[in-house]
>>> print(open('coords29.csv').read())   # CSV, C-alpha atoms
chain,number,residue,atom,x,y,z
A,573,MET,CA,3.1,-5.3,13.4
A,574,SER,CA,3.0,-1.5,13.2
A,575,SER,CA,2.5,0.7,16.2
A,576,ASN,CA,-0.9,1.6,14.8
A,577,HIS,CA,-2.0,-2.0,15.3
A,578,ARG,CA,-0.1,-3.0,18.4
A,579,ASP,CA,-0.7,-6.6,19.4
A,580,LEU,CA,-1.4,-6.1,23.1
A,581,ALA,CA,-2.2,-9.8,23.9
A,582,LEU,CA,1.1,-10.9,22.5
A,583,ASP,CA,2.9,-8.1,24.4
A,584,ALA,CA,1.2,-9.3,27.6
A,585,LEU,CA,2.1,-12.9,26.9
A,586,LEU,CA,5.8,-12.1,26.7
A,587,HIS,CA,5.8,-9.7,29.6
A,588,PRO,CA,6.5,-12.3,32.4
A,589,PHE,CA,9.6,-13.5,30.4
A,590,GLN,CA,10.9,-9.9,29.9
A,591,GLN,CA,10.5,-9.3,33.7
A,592,GLN,CA,12.2,-12.7,34.4
A,593,LEU,CA,9.2,-14.0,36.2
A,594,LEU,CA,9.3,-16.9,33.8
A,595,GLN,CA,12.2,-18.4,31.9
A,596,TRP,CA,12.4,-19.7,28.4
A,597,GLN,CA,12.6,-23.5,28.4
A,598,PRO,CA,13.5,-25.1,25.0
A,599,PRO,CA,12.0,-26.7,23.1
A,600,ALA,CA,9.0,-24.3,23.4
A,601,LEU,CA,5.7,-24.6,21.6
A,602,PHE,CA,3.5,-21.6,20.7
A,603,LEU,CA,-0.1,-22.3,19.8
A,604,ARG,CA,-1.7,-19.7,17.5
A,605,ALA,CA,1.6,-17.9,17.4
A,606,ARG,CA,2.1,-14.4,16.1
A,607,PRO,CA,5.5,-13.0,15.2
A,608,SER,CA,7.6,-10.9,17.7
A,609,SER,CA,11.2,-10.0,17.9
A,610,ALA,CA,11.1,-10.9,21.6
A,611,LEU,CA,10.5,-14.6,20.7
A,612,PRO,CA,13.6,-16.8,21.1
A,613,ALA,CA,15.1,-18.7,18.1
A,614,GLY,CA,14.0,-22.3,17.7
A,615,ILE,CA,10.5,-22.0,19.0
A,616,GLN,CA,7.9,-24.2,17.2
A,617,ALA,CA,4.4,-22.9,16.5
A,618,THR,CA,1.0,-23.5,15.1
A,619,GLN,CA,-1.0,-20.8,13.2
A,620,PRO,CA,-3.9,-21.5,10.8
A,621,PHE,CA,-4.2,-17.8,9.8
A,622,ALA,CA,-2.2,-17.3,6.6
A,623,PRO,CA,-0.8,-13.8,7.1
A,624,ALA,CA,0.6,-14.7,10.6
A,625,ALA,CA,1.8,-18.0,9.3
A,626,THR,CA,3.7,-16.4,6.5
A,627,ALA,CA,5.3,-13.9,8.9
A,628,LEU,CA,6.4,-16.6,11.2
A,629,GLN,CA,7.9,-18.7,8.4
A,630,ARG,CA,9.7,-15.6,7.1
A,631,VAL,CA,11.7,-15.4,10.4
A,632,GLY,CA,12.4,-19.1,10.4
A,633,THR,CA,9.7,-20.4,12.8
A,634,ALA,CA,8.8,-24.0,12.2
A,635,LEU,CA,5.1,-24.6,11.9
A,636,LEU,CA,3.4,-27.7,13.2
A,637,ASP,CA,0.0,-29.3,12.5
A,638,GLU,CA,-2.2,-28.3,15.4
A,639,ASP,CA,-4.2,-31.5,15.2
A,640,ALA,CA,-1.1,-33.8,15.2
A,641,LEU,CA,1.2,-32.4,17.9
A,642,PRO,CA,3.8,-34.6,19.5
A,643,ALA,CA,2.6,-35.8,23.0
A,644,ALA,CA,4.4,-34.7,26.2
A,645,ALA,CA,7.2,-33.1,24.3
A,646,PHE,CA,7.4,-29.5,25.4
A,647,PRO,CA,8.4,-28.1,28.8
A,648,LEU,CA,6.9,-24.7,27.8
A,649,VAL,CA,3.7,-24.1,25.8
A,650,LEU,CA,2.5,-20.6,25.0
A,651,VAL,CA,-1.1,-20.0,23.9
A,652,LEU,CA,-3.0,-17.1,22.5
A,653,PRO,CA,-6.5,-18.5,22.9
A,654,PRO,CA,-9.3,-17.5,20.5
A,655,ARG,CA,-12.5,-15.8,21.5
A,656,GLN,CA,-14.8,-18.8,20.8
A,657,ARG,CA,-15.0,-20.8,24.0
A,658,GLU,CA,-15.2,-24.3,22.6
A,659,GLU,CA,-12.3,-23.7,20.3
A,660,ALA,CA,-10.3,-22.1,23.1
A,661,ARG,CA,-10.9,-25.0,25.5
A,662,ALA,CA,-9.9,-27.5,22.8
A,663,LEU,CA,-6.7,-25.5,22.3
A,664,PHE,CA,-5.9,-25.6,26.1
A,665,ALA,CA,-6.5,-29.4,25.9
A,666,LYS,CA,-4.0,-29.7,23.0
A,667,ALA,CA,-1.5,-27.6,25.0
A,668,TYR,CA,-1.9,-30.0,28.0
A,669,ALA,CA,-1.4,-33.0,25.8
A,670,ALA,CA,1.8,-31.6,24.3
A,671,LEU,CA,3.2,-30.5,27.7
A,672,ALA,CA,6.1,-32.5,29.1
A,673,PRO,CA,5.9,-33.6,32.8
A,674,GLY,CA,6.6,-30.6,35.0
A,675,GLY,CA,6.1,-28.1,32.2
A,676,ILE,CA,4.0,-25.0,32.2
A,677,VAL,CA,1.4,-23.4,30.0
A,678,VAL,CA,1.3,-19.6,29.6
A,679,ALA,CA,-1.7,-17.8,28.0
A,680,ALA,CA,-2.8,-14.2,27.4
A,681,VAL,CA,-6.1,-12.7,26.4
A,682,ALA,CA,-7.3,-9.2,26.0
A,683,ASN,CA,-9.8,-8.1,28.7
A,684,ASP,CA,-12.5,-7.4,26.0
A,685,GLU,CA,-11.9,-10.8,24.3
A,686,GLY,CA,-12.9,-12.9,27.3
A,687,ALA,CA,-9.8,-12.9,29.5
A,688,LYS,CA,-11.6,-13.8,32.7
A,689,SER,CA,-13.4,-16.8,31.0
A,690,ARG,CA,-10.2,-18.1,29.4
A,691,GLU,CA,-8.4,-17.8,32.8
A,692,ALA,CA,-11.2,-19.7,34.5
A,693,ASP,CA,-11.0,-22.4,31.8
A,694,LEU,CA,-7.3,-23.0,32.3
A,695,LYS,CA,-7.6,-22.9,36.0
A,696,GLN,CA,-10.4,-25.6,35.8
A,697,LEU,CA,-8.0,-27.8,33.7
A,698,ALA,CA,-4.8,-27.2,35.6
A,699,GLY,CA,-6.0,-26.6,39.2
A,700,SER,CA,-4.5,-23.2,39.7
A,701,VAL,CA,-2.8,-20.4,37.8
A,702,THR,CA,-0.8,-17.3,38.5
A,703,THR,CA,-2.2,-14.1,36.9
A,704,LEU,CA,-0.9,-10.7,35.9
A,705,SER,CA,-2.8,-7.8,34.3
A,706,LYS,CA,-0.9,-5.9,31.7
A,707,TYR,CA,-1.8,-3.8,28.6
A,708,HIS,CA,-5.5,-4.3,29.2
A,709,CYS,CA,-5.0,-8.0,29.1
A,710,ARG,CA,-4.5,-10.9,31.4
A,711,VAL,CA,-1.5,-13.2,31.2
A,712,PHE,CA,-1.8,-16.4,33.3
A,713,TRP,CA,0.2,-19.6,33.7
A,714,THR,CA,0.1,-22.9,35.3
A,715,GLN,CA,2.4,-24.3,38.1
A,716,PRO,CA,5.3,-26.6,37.2
A,717,HIS,CA,3.8,-29.5,39.1
A,718,ALA,CA,0.1,-28.8,38.5
A,719,VAL,CA,-2.4,-31.6,39.0
A,720,TRP,CA,-4.0,-31.6,35.6
A,721,ASN,CA,-7.5,-33.0,35.1
A,722,ALA,CA,-6.8,-35.6,32.4
A,723,GLU,CA,-10.4,-36.6,32.0
A,724,LEU,CA,-11.5,-33.0,31.4
A,725,GLY,CA,-8.6,-32.6,28.9
A,726,ALA,CA,-9.8,-35.6,27.0
A,727,GLN,CA,-13.3,-34.2,26.8
A,728,TRP,CA,-12.1,-30.8,25.7
A,729,GLN,CA,-9.8,-32.1,22.9
A,730,GLY,CA,-12.7,-32.7,20.5
A,731,LEU,CA,-14.8,-29.6,21.3
A,732,ASP,CA,-13.8,-27.8,18.1
A,733,ALA,CA,-13.9,-30.9,15.8
A,734,PRO,CA,-15.7,-30.5,12.4
A,735,ARG,CA,-19.4,-31.3,12.6
A,736,ARG,CA,-22.5,-31.3,10.5
A,737,VAL,CA,-24.6,-28.1,11.0
A,738,VAL,CA,-28.1,-27.8,9.8
A,739,THR,CA,-29.6,-24.6,8.5
A,740,ASP,CA,-32.3,-23.8,5.9
A,741,ASP,CA,-30.1,-21.1,4.5
A,742,ALA,CA,-27.2,-23.3,3.3
A,743,ALA,CA,-27.2,-25.3,0.1
A,744,ASN,CA,-29.1,-28.6,0.7
A,745,GLY,CA,-29.9,-27.4,4.2
A,746,HIS,CA,-26.6,-28.6,5.8
A,747,PHE,CA,-22.9,-28.1,5.8
A,748,MET,CA,-19.8,-29.0,7.7
A,749,SER,CA,-18.4,-26.5,10.1
A,750,ARG,CA,-16.5,-26.2,13.4
A,751,PRO,CA,-16.4,-23.8,16.3
A,752,GLY,CA,-14.1,-20.8,15.8
A,753,VAL,CA,-14.5,-20.2,12.0
A,754,PHE,CA,-16.5,-17.1,11.1
A,755,ALA,CA,-20.3,-17.6,11.5
A,756,TRP,CA,-19.6,-21.3,12.2
A,757,ASP,CA,-23.1,-22.3,13.2
A,758,ARG,CA,-25.2,-20.0,10.9
A,759,VAL,CA,-25.3,-18.1,7.7
A,760,ASP,CA,-24.3,-14.5,8.6
A,761,ALA,CA,-26.8,-11.7,7.7
A,762,ALA,CA,-24.4,-9.9,5.4
A,763,SER,CA,-23.8,-12.9,3.3
A,764,LYS,CA,-27.5,-13.6,3.1
A,765,MET,CA,-28.1,-10.1,1.9
A,766,LEU,CA,-25.4,-10.4,-0.8
A,767,VAL,CA,-26.8,-13.7,-2.1
A,768,ALA,CA,-30.2,-12.1,-2.4
A,769,ALA,CA,-28.8,-9.4,-4.6
A,770,LEU,CA,-26.6,-11.5,-6.8
A,771,PRO,CA,-27.8,-11.9,-10.4
A,772,ALA,CA,-28.3,-15.3,-12.0
A,773,ASN,CA,-26.2,-14.4,-15.0
A,774,LEU,CA,-22.7,-14.5,-13.5
A,775,THR,CA,-20.6,-16.2,-16.1
A,776,GLY,CA,-17.2,-17.7,-16.6
A,777,ALA,CA,-14.4,-17.7,-14.0
A,778,VAL,CA,-15.6,-16.5,-10.6
A,779,ALA,CA,-13.7,-16.0,-7.3
A,780,ASP,CA,-14.8,-15.7,-3.7
A,781,PHE,CA,-12.5,-13.5,-1.7
A,782,GLY,CA,-12.6,-14.4,2.0
A,783,ALA,CA,-14.6,-17.6,1.3
A,784,GLY,CA,-15.0,-18.9,4.9
A,785,TRP,CA,-16.7,-22.3,5.0
A,786,GLY,CA,-18.1,-21.8,1.5
A,787,TYR,CA,-21.6,-20.4,1.8
A,788,LEU,CA,-21.3,-17.7,-0.9
A,789,ALA,CA,-19.5,-20.1,-3.2
A,790,GLN,CA,-22.3,-22.7,-2.7
A,791,GLN,CA,-24.9,-20.1,-3.6
A,792,VAL,CA,-23.1,-18.9,-6.6
A,793,LEU,CA,-23.0,-22.4,-8.0
A,794,ALA,CA,-26.6,-23.0,-7.1
A,795,ARG,CA,-27.9,-19.8,-8.7
A,796,CYS,CA,-25.5,-19.1,-11.6
A,797,PRO,CA,-25.4,-22.1,-14.1
A,798,LYS,CA,-23.1,-20.3,-16.5
A,799,VAL,CA,-20.2,-20.2,-14.0
A,800,THR,CA,-17.4,-22.5,-15.4
A,801,SER,CA,-14.9,-22.3,-12.5
A,802,LEU,CA,-14.7,-21.1,-8.9
A,803,ASP,CA,-11.7,-20.1,-6.9
A,804,LEU,CA,-11.9,-19.7,-3.2
A,805,TYR,CA,-9.4,-17.6,-1.3
A,806,GLU,CA,-9.4,-17.8,2.5
A,807,ALA,CA,-6.8,-16.9,5.1
A,808,ASP,CA,-8.1,-19.3,7.8
A,809,ALA,CA,-6.9,-22.8,7.0
A,810,ARG,CA,-9.6,-24.4,9.3
A,811,ALA,CA,-12.4,-22.6,7.3
A,812,LEU,CA,-10.8,-23.4,4.0
A,813,ALA,CA,-10.7,-27.2,4.7
A,814,LEU,CA,-14.4,-27.0,5.5
A,815,ALA,CA,-15.2,-25.1,2.3
A,816,GLN,CA,-13.3,-27.8,0.4
A,817,HIS,CA,-15.5,-30.5,1.9
A,818,ASN,CA,-18.7,-28.5,1.5
A,819,LEU,CA,-18.1,-28.0,-2.3
A,820,ALA,CA,-16.7,-31.5,-2.9
A,821,LEU,CA,-19.6,-32.4,-5.2
A,822,ALA,CA,-19.5,-29.2,-7.3
A,823,GLN,CA,-20.0,-29.9,-11.0
A,824,VAL,CA,-17.5,-27.2,-12.1
A,825,THR,CA,-13.8,-26.8,-11.4
A,826,VAL,CA,-13.3,-25.6,-7.8
A,827,ARG,CA,-9.9,-24.5,-6.6
A,828,THR,CA,-9.1,-23.5,-3.0
A,829,HIS,CA,-6.2,-21.2,-1.9
A,830,TRP,CA,-4.9,-20.7,1.6
A,831,HIS,CA,-4.0,-17.1,0.9
A,832,ASP,CA,-3.9,-13.6,2.3
A,833,VAL,CA,-6.0,-11.6,-0.3
A,834,THR,CA,-4.5,-8.3,0.9
A,835,ALA,CA,-1.2,-9.5,-0.7
A,836,GLY,CA,-3.0,-9.7,-4.1
A,837,VAL,CA,-3.9,-12.8,-6.1
A,838,ASP,CA,-2.6,-14.2,-9.4
A,839,GLY,CA,-5.8,-15.3,-11.0
A,840,ARG,CA,-8.0,-13.4,-13.5
A,841,PHE,CA,-11.7,-13.5,-13.1
A,842,ASP,CA,-15.0,-12.4,-14.8
A,843,ALA,CA,-16.6,-11.8,-11.4
A,844,ILE,CA,-15.7,-11.7,-7.7
A,845,VAL,CA,-18.0,-12.0,-4.7
A,846,CYS,CA,-16.7,-10.8,-1.4
A,847,ASN,CA,-17.7,-10.3,2.2
A,848,PRO,CA,-14.4,-9.0,3.4
A,849,PRO,CA,-13.2,-9.2,7.0
A,850,PHE,CA,-12.5,-6.0,8.9
A,851,HIS,CA,-10.7,-7.3,12.0
A,852,ALA,CA,-7.3,-8.9,12.3
A,853,LEU,CA,-5.6,-11.1,14.9
A,854,GLY,CA,-4.7,-9.1,18.0
A,855,GLY,CA,-6.4,-5.9,16.8
A,856,GLY,CA,-9.6,-3.9,16.6
A,857,GLU,CA,-11.6,-2.7,13.6
A,858,ARG,CA,-9.4,-2.7,10.5
A,859,PRO,CA,-11.1,-1.1,7.5
A,860,ASP,CA,-7.7,-1.1,5.7
A,861,ILE,CA,-8.2,-4.9,5.2
A,862,GLY,CA,-11.4,-4.3,3.3
A,863,ARG,CA,-9.8,-1.6,1.2
A,864,ALA,CA,-7.0,-4.0,0.4
A,865,PHE,CA,-9.5,-6.7,-0.7
A,866,ILE,CA,-11.1,-4.1,-3.0
A,867,ALA,CA,-7.7,-3.2,-4.5
A,868,ALA,CA,-6.9,-6.9,-5.0
A,869,ALA,CA,-10.3,-7.4,-6.7
A,870,ALA,CA,-9.7,-4.5,-9.0
A,871,GLN,CA,-6.4,-6.0,-10.0
A,872,ALA,CA,-7.7,-9.6,-10.4
A,873,LEU,CA,-10.8,-8.8,-12.5
A,874,LYS,CA,-10.7,-8.9,-16.3
A,875,PRO,CA,-11.9,-5.8,-18.2
A,876,LYS,CA,-15.6,-5.3,-17.6
A,877,GLY,CA,-15.4,-7.8,-14.7
A,878,VAL,CA,-17.8,-7.2,-11.8
A,879,LEU,CA,-17.2,-7.1,-8.1
A,880,TRP,CA,-20.2,-7.9,-5.8
A,881,LEU,CA,-19.3,-6.7,-2.3
A,882,VAL,CA,-21.2,-6.6,1.0
A,883,ALA,CA,-19.9,-4.5,3.9
A,884,ASN,CA,-21.1,-2.7,7.1
A,885,ARG,CA,-22.6,0.6,6.0
A,886,HIS,CA,-20.2,2.7,8.1
A,887,LEU,CA,-17.0,1.2,6.6
A,888,PRO,CA,-15.2,3.8,4.4
A,889,TYR,CA,-14.7,1.9,1.2
A,890,GLU,CA,-15.9,4.5,-1.3
A,891,ASP,CA,-12.4,5.9,-2.1
A,892,ALA,CA,-11.0,2.5,-2.7
A,893,LEU,CA,-13.9,1.6,-5.0
A,894,ALA,CA,-13.6,4.9,-6.9
A,895,THR,CA,-9.9,4.3,-7.5
A,896,GLY,CA,-10.2,0.7,-8.8
A,897,PHE,CA,-13.4,0.7,-10.7
A,898,ALA,CA,-15.1,2.6,-13.6
A,899,GLN,CA,-18.7,2.2,-12.3
A,900,VAL,CA,-19.8,1.8,-8.7
A,901,SER,CA,-23.4,1.4,-7.6
A,902,CYS,CA,-24.9,0.8,-4.1
A,903,VAL,CA,-27.6,-1.6,-5.1
A,904,ALA,CA,-29.1,-2.3,-1.7
A,905,GLN,CA,-28.9,-1.2,1.9
A,906,GLY,CA,-30.5,-2.5,5.1
A,907,GLY,CA,-29.8,-4.1,8.4
A,908,GLY,CA,-26.6,-2.1,8.8
A,909,PHE,CA,-25.1,-3.4,5.5
A,910,LYS,CA,-24.6,-2.1,2.0
A,911,ILE,CA,-24.3,-4.1,-1.3
A,912,VAL,CA,-22.0,-2.7,-3.9
A,913,GLN,CA,-21.7,-3.6,-7.5
A,914,ALA,CA,-18.5,-2.3,-9.1
A,915,VAL,CA,-17.4,-2.8,-12.7
A,916,LYS,CA,-13.8,-2.7,-13.9
A,917,ALA,CA,-13.0,-0.4,-16.8
>>> encode(input="coords29.csv", output="structure tokens")
Amino acid sequence: MSSNHRDLALDALLHPFQQQLLQWQPPALFLRARPSSALPAGIQATQPFAPAATALQRVGTALLDEDALPAAAFPLVLVLPPRQREEARALFAKAYAALAPGGIVVAAVANDEGAKSREADLKQLAGSVTTLSKYHCRVFWTQPHAVWNAELGAQWQGLDAPRRVVTDDAANGHFMSRPGVFAWDRVDAASKMLVAALPANLTGAVADFGAGWGYLAQQVLARCPKVTSLDLYEADARALALAQHNLALAQVTVRTHWHDVTAGVDGRFDAIVCNPPFHALGGGERPDIGRAFIAAAAQALKPKGVLWLVANRHLPYEDALATGFAQVSCVAQGGGFKIVQAVKA
């Protein structure tokens, strides 16, 4: 990670080891790991986010299935908990289940990402924690002989499980989702606005860049009968599995890709719909991600192919659109968002 996008929570997590307050104890497990040169060789990890997973694999880190971890196997478990509380509690419960007797769990969270709440959660599960403040984050760890609340751990294990969520905005009024994926319990306002602007005459091969749990894709199929195939690209494996389920009954060919769109895509499409992310793991606002999505769309569209994009109005995407497309129109604005139609030369 470049110095412009320093991962402060990861730096805070590793600080106690660098100061020799804690010692590496192999085999170590790292839940929601992100790559760092300070990590020892041989660490095992989980990471559902494709860019981080690829970076970890590139340096030889073995990735495990987060929902099928070996029980009581690791004397040291590191955790970078997510912001969403149910998902974070479930992750702590998984850390506890994977912890060997006498082992410790170490976690770090940025202060503005809910550090105090995550610390309180781990303390509730493990009885007590030691805490340090560093890099505008909190890093906290359990005691080697903590008295864990096994009953609470069992309750928390399933807090982020996939579930049926009902909303009038989704196709058929319901979908499968789970805590932690983007807009997991609702249809986000930006996607609603994009759907309202989409024409019914989208034709041929269509892609959804940053597909989430599949709302935009569902709506494209419901509104555009001339679409013949649909490719969903999504970096979050948890969201992509939900999208796969939510579009299982589609009447056209649907392909799902666990993929970082910013690295480009191999397909060629007649149209692309996109509500790009503008935040990354361990960082603040990242408009460069949206610009990379636009560049990938320009490369992946066939001549005269059309990009339909929704974005926050303040995000500076105009230069990227002007570079990649022959015609660019802002077709709607409102609620802090803009809808852009861009046609490839």
>>> residues_around(input="coords29.csv", residues="Thr828 (chain A)", least_positions_apart="4", cutoff="8 Å", atoms="only C-alpha atoms", output="PyMOL selection string")
chain A and resi 803-806+812+816
>>> closest_residue(input="coords29.csv", among="A:Ala868, A:Gly725, A:Ala807, A:Val833", to="Ala625 (chain A)", atoms="only C-alpha atoms")
A:Ala807
>>> residues_around(input="coords29.csv", residues="Met765 (chain A)", least_positions_apart="4", cutoff="12 Å", atoms="all atoms listed in the file", output="VMD selection string")
chain A and resid 741 759 to 761 769 to 770 788 791 846 to 847 880 to 884 903 to 912
>>> closest_atom_pairs(input="coords29.csv", of="region 585-662 of chain A", to="region 671-689 of chain A", cutoff="12 Å", atoms="all atoms listed in the file", output="tab-separated table")
residue	atom	partner	partner_atom	distance
A:Leu585	CA	A:Ala680	CA	5.1
A:Leu586	CA	A:Ala680	CA	8.9
A:His587	CA	A:Ala680	CA	10.0
A:Pro588	CA	A:Val678	CA	9.4
A:Phe589	CA	A:Val678	CA	10.3
A:Leu593	CA	A:Val678	CA	11.7
A:Leu594	CA	A:Val678	CA	9.4
A:Gln595	CA	A:Ile676	CA	10.5
A:Trp596	CA	A:Ile676	CA	10.6
A:Gln597	CA	A:Gly675	CA	8.8
A:Pro598	CA	A:Gly675	CA	10.8
A:Pro599	CA	A:Ala672	CA	10.2
A:Ala600	CA	A:Leu671	CA	9.5
A:Leu601	CA	A:Leu671	CA	8.8
A:Phe602	CA	A:Val678	CA	9.4
A:Leu603	CA	A:Ala679	CA	9.5
A:Arg604	CA	A:Ala679	CA	10.7
A:Ala605	CA	A:Ala679	CA	11.1
A:Leu641	CA	A:Leu671	CA	10.2
A:Pro642	CA	A:Leu671	CA	9.2
A:Ala643	CA	A:Leu671	CA	7.1
A:Ala644	CA	A:Ala672	CA	4.0
A:Ala645	CA	A:Ala672	CA	5.0
A:Phe646	CA	A:Leu671	CA	4.9
A:Pro647	CA	A:Gly675	CA	4.1
A:Leu648	CA	A:Ile676	CA	5.3
A:Val649	CA	A:Val677	CA	4.8
A:Leu650	CA	A:Val678	CA	4.9
A:Val651	CA	A:Ala679	CA	4.7
A:Leu652	CA	A:Ala679	CA	5.7
A:Pro653	CA	A:Val681	CA	6.8
A:Pro654	CA	A:Glu685	CA	8.1
A:Arg655	CA	A:Glu685	CA	5.8
A:Gln656	CA	A:Gly686	CA	9.0
A:Arg657	CA	A:Ser689	CA	8.2
A:Glu658	CA	A:Ser689	CA	11.4
A:Ala660	CA	A:Ser689	CA	10.0
A:Arg661	CA	A:Ser689	CA	10.2
>>> residues_around(input="coords29.csv", residues="Gln696 (chain A)", least_positions_apart="6", cutoff="12 Å", atoms="all atoms listed in the file", output="list of chain:residue names")
A:Arg661, A:Phe664, A:Ala665, A:Ser689, A:Arg690, A:Thr714, A:Ala718, A:Val719, A:Trp720, A:Asn721, A:Ala722, A:Glu723, A:Leu724, A:Gly725, A:Trp728
>>> closest_residue(input="coords29.csv", among="A:Gly776, A:Pro620, A:Gly786, A:Pro734", to="Leu819 (chain A)", atoms="only C-alpha atoms")
A:Gly786
>>> atom_distance(input="coords29.csv", atom1="CA of Trp785 (chain A)", atom2="CA of Ala811 (chain A)")
4.9 Å
>>> residues_near_point(input="coords29.csv", point="(-12.4, -10.7, -12.0)", cutoff="12 Å", atoms="all atoms listed in the file", output="number ranges by chain")
A: 774-781, 801-803, 837-846, 866-880, 897, 914-917
>>> atom_distance(input="coords29.csv", atom1="CA of Arg863 (chain A)", atom2="CA of Pro849 (chain A)")
10.1 Å
>>> atom_distance(input="coords29.csv", atom1="CA of Val824 (chain A)", atom2="CA of Val737 (chain A)")
24.2 Å
>>> closest_residue(input="coords29.csv", among="A:Ala581, A:Met748, A:Glu638, A:Lys695", to="Tyr707 (chain A)", atoms="all atoms listed in the file")
A:Ala581
>>> residues_around(input="coords29.csv", residues="Ala726 (chain A)", least_positions_apart="6", cutoff="10 Å", atoms="only C-alpha atoms", output="ChimeraX atom specification")
/A:662,665-666,668-669
>>> closest_residue(input="coords29.csv", among="A:Val711, A:Leu887, A:Ala835, A:Ala733", to="Ala864 (chain A)", atoms="all atoms listed in the file")
A:Ala835
>>> closest_residue(input="coords29.csv", among="A:Asp808, A:Pro771, A:Ala815, A:Ala892", to="Ala794 (chain A)", atoms="only C-alpha atoms")
A:Pro771
>>> residues_around(input="coords29.csv", residues="Asp637 (chain A)", least_positions_apart="2", cutoff="9 Å", atoms="all atoms listed in the file", output="ChimeraX atom specification")
/A:617-620,635,639-641
>>> closest_residue(input="coords29.csv", among="A:Arg750, A:Ser608, A:Ala584, A:Val738", to="Thr703 (chain A)", atoms="all atoms listed in the file")
A:Ala584
